[in-house]
$ cat model_30.cif   # mmCIF, C-alpha atoms
data_work
#
loop_
_atom_site.label_atom_id
_atom_site.label_comp_id
_atom_site.auth_asym_id
_atom_site.auth_seq_id
_atom_site.Cartn_x
_atom_site.Cartn_y
_atom_site.Cartn_z
CA PRO A 1 0.00 0.00 0.00
CA ARG A 2 0.88 3.63 -0.40
CA VAL A 3 0.89 5.87 2.64
CA TYR A 4 -0.25 9.47 2.25
CA LEU A 5 0.10 12.62 4.30
CA PHE A 6 -2.90 14.89 3.92
CA ASN A 7 -2.81 18.53 5.03
CA ILE A 8 -6.37 19.33 6.10
CA ASP A 9 -5.87 23.11 5.84
CA SER A 10 -4.33 23.22 2.36
CA GLY A 11 -5.88 20.06 0.94
CA LYS A 12 -2.42 19.02 -0.22
CA GLN A 13 -1.91 15.27 -0.42
CA GLU A 14 1.62 13.88 -0.47
CA VAL A 15 2.80 10.30 -0.91
CA LEU A 16 4.91 9.37 2.09
CA GLY A 17 6.02 6.14 0.45
CA ASP A 18 5.17 2.80 -1.09
CA PHE A 19 5.26 0.05 1.49
CA PRO A 20 4.26 -3.21 -0.23
CA GLY A 21 4.81 -5.27 2.91
CA MET A 22 2.97 -3.03 5.39
CA THR A 23 1.02 -5.19 7.81
CA PHE A 24 -0.66 -2.57 9.97
CA ALA A 25 -1.64 1.09 9.75
CA PRO A 26 1.24 3.51 10.37
CA ARG A 27 1.14 5.82 13.38
CA PHE A 28 2.69 9.22 14.03
CA SER A 29 5.10 9.65 16.90
CA PRO A 30 3.77 11.96 19.65
CA ASP A 31 5.96 14.82 18.39
CA GLY A 32 4.76 14.29 14.79
CA ASN A 33 8.29 13.92 13.40
CA LYS A 34 8.27 10.16 12.82
CA VAL A 35 6.00 7.42 11.56
CA ILE A 36 6.19 3.94 13.09
CA MET A 37 4.84 0.90 11.25
CA SER A 38 5.27 -2.80 10.66
CA MET A 39 6.34 -4.20 7.33
CA ALA A 40 6.72 -7.77 6.11
CA GLU A 41 9.66 -8.99 4.11
CA LYS A 42 9.86 -12.62 2.96
CA GLY A 43 6.92 -13.53 5.21
CA ASN A 44 8.41 -11.95 8.34
CA SER A 45 6.95 -8.77 9.84
CA ASP A 46 9.16 -6.34 11.78
CA ILE A 47 8.82 -2.83 13.22
CA TYR A 48 10.26 0.16 11.31
CA VAL A 49 10.37 3.89 11.93
CA MET A 50 10.64 6.66 9.34
CA GLU A 51 11.96 10.17 9.99
CA LEU A 52 9.50 12.42 8.17
CA ARG A 53 12.02 15.18 7.44
CA THR A 54 14.62 12.93 5.80
CA ARG A 55 12.37 9.94 4.86
CA LYS A 56 15.10 7.70 6.31
CA ILE A 57 13.77 4.32 7.47
CA GLN A 58 15.26 2.41 10.40
CA ARG A 59 14.42 -1.20 11.24
CA LEU A 60 13.78 -1.62 14.98
CA THR A 61 13.12 -5.36 15.30
CA ARG A 62 14.83 -8.34 13.68
CA HIS A 63 13.11 -11.49 14.81
CA PRO A 64 11.77 -14.54 12.92
CA SER A 65 8.26 -13.79 14.17
CA ILE A 66 5.41 -11.42 13.41
CA ASP A 67 6.05 -8.06 15.13
CA THR A 68 3.26 -5.59 14.42
CA SER A 69 0.94 -2.83 15.73
CA PRO A 70 3.57 -0.49 17.23
CA SER A 71 2.63 2.50 19.38
CA TYR A 72 4.95 5.07 20.97
CA ALA A 73 4.87 6.04 24.63
CA PRO A 74 4.05 9.76 25.02
CA ASP A 75 7.69 10.54 25.93
CA MET A 76 8.83 8.56 22.83
CA LYS A 77 11.32 6.58 24.90
CA ARG A 78 9.52 3.24 24.46
CA VAL A 79 7.30 1.40 21.99
CA VAL A 80 4.63 -1.20 22.66
CA PHE A 81 3.81 -3.79 19.98
CA ASN A 82 2.39 -7.28 19.62
CA SER A 83 4.37 -10.30 18.54
CA ASP A 84 4.07 -14.05 18.35
CA ARG A 85 7.76 -14.50 19.24
CA GLY A 86 6.79 -16.37 22.42
CA GLY A 87 4.53 -18.81 20.55
CA SER A 88 1.29 -16.84 20.82
CA GLN A 89 0.40 -13.22 20.08
CA GLN A 90 1.41 -11.20 23.16
CA LEU A 91 2.38 -7.62 24.05
CA TYR A 92 5.99 -6.46 24.21
CA VAL A 93 7.69 -3.19 25.12
CA MET A 94 11.07 -2.06 23.79
CA ASP A 95 13.21 1.06 23.88
CA ALA A 96 12.53 3.43 20.96
CA ASP A 97 15.77 2.28 19.29
CA GLY A 98 14.66 -1.38 19.34
CA ALA A 99 16.80 -2.41 22.35
CA ASN A 100 15.63 -4.13 25.55
CA VAL A 101 12.60 -6.00 24.20
CA ARG A 102 10.55 -7.54 26.99
CA ARG A 103 7.21 -9.30 27.12
CA ILE A 104 4.57 -7.67 29.32
CA SER A 105 1.47 -9.86 28.82
CA PHE A 106 1.38 -13.41 30.17
CA ASN A 107 -2.28 -14.34 30.42
CA LEU A 108 -4.16 -16.74 28.17
CA GLY A 109 -5.40 -15.43 24.85
CA ARG A 110 -3.99 -13.37 21.99
CA TYR A 111 -3.29 -9.65 22.36
CA ALA A 112 -3.43 -7.08 19.55
CA THR A 113 -3.65 -3.36 18.68
CA PRO A 114 -1.87 -1.99 21.76
CA VAL A 115 -1.91 1.76 22.24
CA TRP A 116 -0.18 3.81 24.93
CA SER A 117 -2.31 6.26 26.93
CA PRO A 118 -1.49 9.98 26.56
CA ARG A 119 -0.53 10.05 30.26
CA GLY A 120 1.94 7.22 29.70
CA ASP A 121 0.72 5.03 32.55
CA ILE A 122 -1.63 2.55 30.84
CA ILE A 123 -1.68 0.50 27.65
CA ALA A 124 -5.02 -0.38 26.02
CA PHE A 125 -5.34 -3.44 23.80
CA THR A 126 -7.65 -5.88 22.06
CA LYS A 127 -7.64 -9.43 23.43
CA MET A 128 -9.04 -12.59 21.89
CA ALA A 129 -9.67 -15.45 24.34
CA ASN A 130 -12.14 -18.33 24.55
CA GLY A 131 -13.82 -17.30 21.30
CA GLN A 132 -14.52 -13.79 22.60
CA PHE A 133 -13.06 -10.34 21.85
CA TYR A 134 -12.24 -7.92 24.68
CA ILE A 135 -10.97 -4.38 25.13
CA GLY A 136 -8.62 -4.20 28.08
CA VAL A 137 -6.01 -2.09 29.79
CA MET A 138 -2.88 -2.87 31.78
CA ASN A 139 -0.07 -0.99 33.44
CA VAL A 140 3.00 -0.47 31.24
CA ASP A 141 4.86 -3.21 33.12
CA GLY A 142 2.04 -5.67 32.32
CA SER A 143 0.51 -5.72 35.80
CA GLY A 144 -3.09 -4.87 36.60
CA GLU A 145 -4.79 -6.26 33.47
CA ARG A 146 -8.49 -5.32 33.38
CA LEU A 147 -10.97 -6.32 30.68
CA LEU A 148 -13.43 -3.47 30.15
CA ALA A 149 -15.67 -4.52 27.26
CA SER A 150 -16.44 -7.72 25.40
CA GLY A 151 -18.44 -8.75 22.40
CA PHE A 152 -18.37 -9.83 18.81
CA LEU A 153 -15.34 -8.17 17.23
CA VAL A 154 -14.72 -5.37 19.72
CA GLU A 155 -11.41 -3.94 18.53
CA GLY A 156 -9.22 -0.93 17.89
CA PRO A 157 -8.99 0.97 21.17
CA THR A 158 -7.90 4.60 20.98
CA TRP A 159 -7.46 7.16 23.75
CA ALA A 160 -9.06 10.54 24.34
CA PRO A 161 -6.46 13.29 24.99
CA ASN A 162 -7.11 13.13 28.76
CA GLY A 163 -5.87 9.51 28.87
CA ARG A 164 -8.88 8.34 30.85
CA VAL A 165 -11.51 7.71 28.16
CA LEU A 166 -11.26 4.93 25.60
CA MET A 167 -13.06 4.61 22.30
CA TYR A 168 -13.32 1.35 20.36
CA PHE A 169 -15.50 -0.19 17.70
CA LYS A 170 -17.85 -3.12 17.97
CA GLN A 171 -19.07 -4.99 14.94
CA GLN A 172 -22.58 -6.32 15.19
CA PRO A 173 -23.19 -9.89 14.03
CA PHE A 174 -24.80 -10.16 10.62
CA GLU A 175 -28.53 -10.80 10.83
CA ALA A 176 -30.41 -12.10 7.83
CA ASP A 177 -33.68 -10.35 6.96
#

$ encode --input "model_30.cif" --output "structure tokens"
Amino acid sequence: PRVYLFNIDSGKQEVLGDFPGMTFAPRFSPDGNKVIMSMAEKGNSDIYVMELRTRKIQRLTRHPSIDTSPSYAPDMKRVVFNSDRGGSQQLYVMDADGANVRRISFNLGRYATPVWSPRGDIIAFTKMANGQFYIGVMNVDGSGERLLASGFLVEGPTWAPNGRVLMYFKQQPFEAD
């Protein structure tokens, strides 16, 4: 896919780049100077960051697993992402340069779409367990996991600027007329 920058005021649309192996939507860094994303190469997905000013791309992870869905901490010192490097899809945190990767989720189920709260103290996520989807939160060290909502395809949490309100979407099951 191609990634575009769109200036709402001027209406100017600019191609940021062609990323044929992109596996998840790119996200801006909190300061707006970088874009973090996951891209697949030869069937393996890793985390990359692009400096917007120079368009230079740096690979942050190198692991024979699927690393995807990155999200910066508000201070840009760490990144949360999900990976199956432990055998099942779990949440991991690393330094912004890709160093010091550590797993933070250890409960049953698969974790996805992590996003750091604007206050920097909580990570929201989607969890799939026992045939059910959940929206949950946990502390940045992985402690204090709480499941807040459940249902058919509840996914995609995002934070309000105050860091205390979550929004997510819930797909309703198809009903025949």

$ resolve_selection --input "model_30.cif" --expression "the PyMOL selection byres ((chain A and resi 45) around 12)" --output "ChimeraX atom specification"
/A:20-24,37-44,46-48,59-70,81-85

$ resolve_selection --input "model_30.cif" --expression "the PyMOL selection byres ((chain A and resi 12-17) around 12)" --output "PyMOL selection string"
chain A and resi 1-11+18-22+26+34-35+50-57

$ resolve_selection --input "model_30.cif" --expression "the PyMOL selection byres ((chain A and resi 162-171) around 8)" --output "list in words"
Ser117, Pro118, Arg119, Ile135, Gly151, Phe152, Leu153, Val154, Glu155, Gly156, Pro157, Thr158, Trp159, Ala160, Pro161, Gln172 and Pro173 of chain A

$ closest_residue --input "model_30.cif" --among "A:Pro114, A:Asp75, A:Ala129, A:Ser150" --to "Ser88 of chain A" --atoms "all atoms listed in the file"
A:Ala129

$ residues_around --input "model_30.cif" --residues "Ala73 of chain A" --least-positions-apart "4" --cutoff "6 Å" --atoms "all atoms listed in the file" --output "short mmCIF file (atom, residue, chain, number, x, y, z; two decimals) with C-alpha atoms, in the coordinates of the input"
data_model
loop_
_atom_site.label_atom_id
_atom_site.label_comp_id
_atom_site.auth_asym_id
_atom_site.auth_seq_id
_atom_site.Cartn_x
_atom_site.Cartn_y
_atom_site.Cartn_z
CA ARG A 78 9.52 3.24 24.46
CA VAL A 79 7.30 1.40 21.99
CA TRP A 116 -0.18 3.81 24.93
CA GLY A 120 1.94 7.22 29.70
#

$ atom_distance --input "model_30.cif" --atom1 "atom CA of Gly86 of chain A" --atom2 "atom CA of Phe106 of chain A"
9.9 Å

$ closest_residue --input "model_30.cif" --among "A:Val115, A:Ile123, A:Val93, A:Ala99" --to "Glu145 of chain A" --atoms "only C-alpha atoms"
A:Ile123

$ closest_residue --input "model_30.cif" --among "A:Asp95, A:Thr126, A:Ser29, A:Arg102" --to "Met138 of chain A" --atoms "all atoms listed in the file"
A:Thr126

$ atom_distance --input "model_30.cif" --atom1 "atom CA of Gln58 of chain A" --atom2 "atom CA of Ile104 of chain A"
24.0 Å

$ atom_distance --input "model_30.cif" --atom1 "atom CA of Ser71 of chain A" --atom2 "atom CA of Ala149 of chain A"
21.1 Å

$ axis_aligned_box --input "model_30.cif" --around "segment 69-86 of chain A" --padding-each-side "8 Å" --output "AutoDock Vina command-line options"
--center_x 6.1 --center_y -2.9 --center_z 20.8 --size_x 26.4 --size_y 42.9 --size_z 26.2

$ closest_residue --input "model_30.cif" --among "A:Gly131, A:Gly142, A:Gly32, A:Gly136" --to "Ala112 of chain A" --atoms "only C-alpha atoms"
A:Gly136
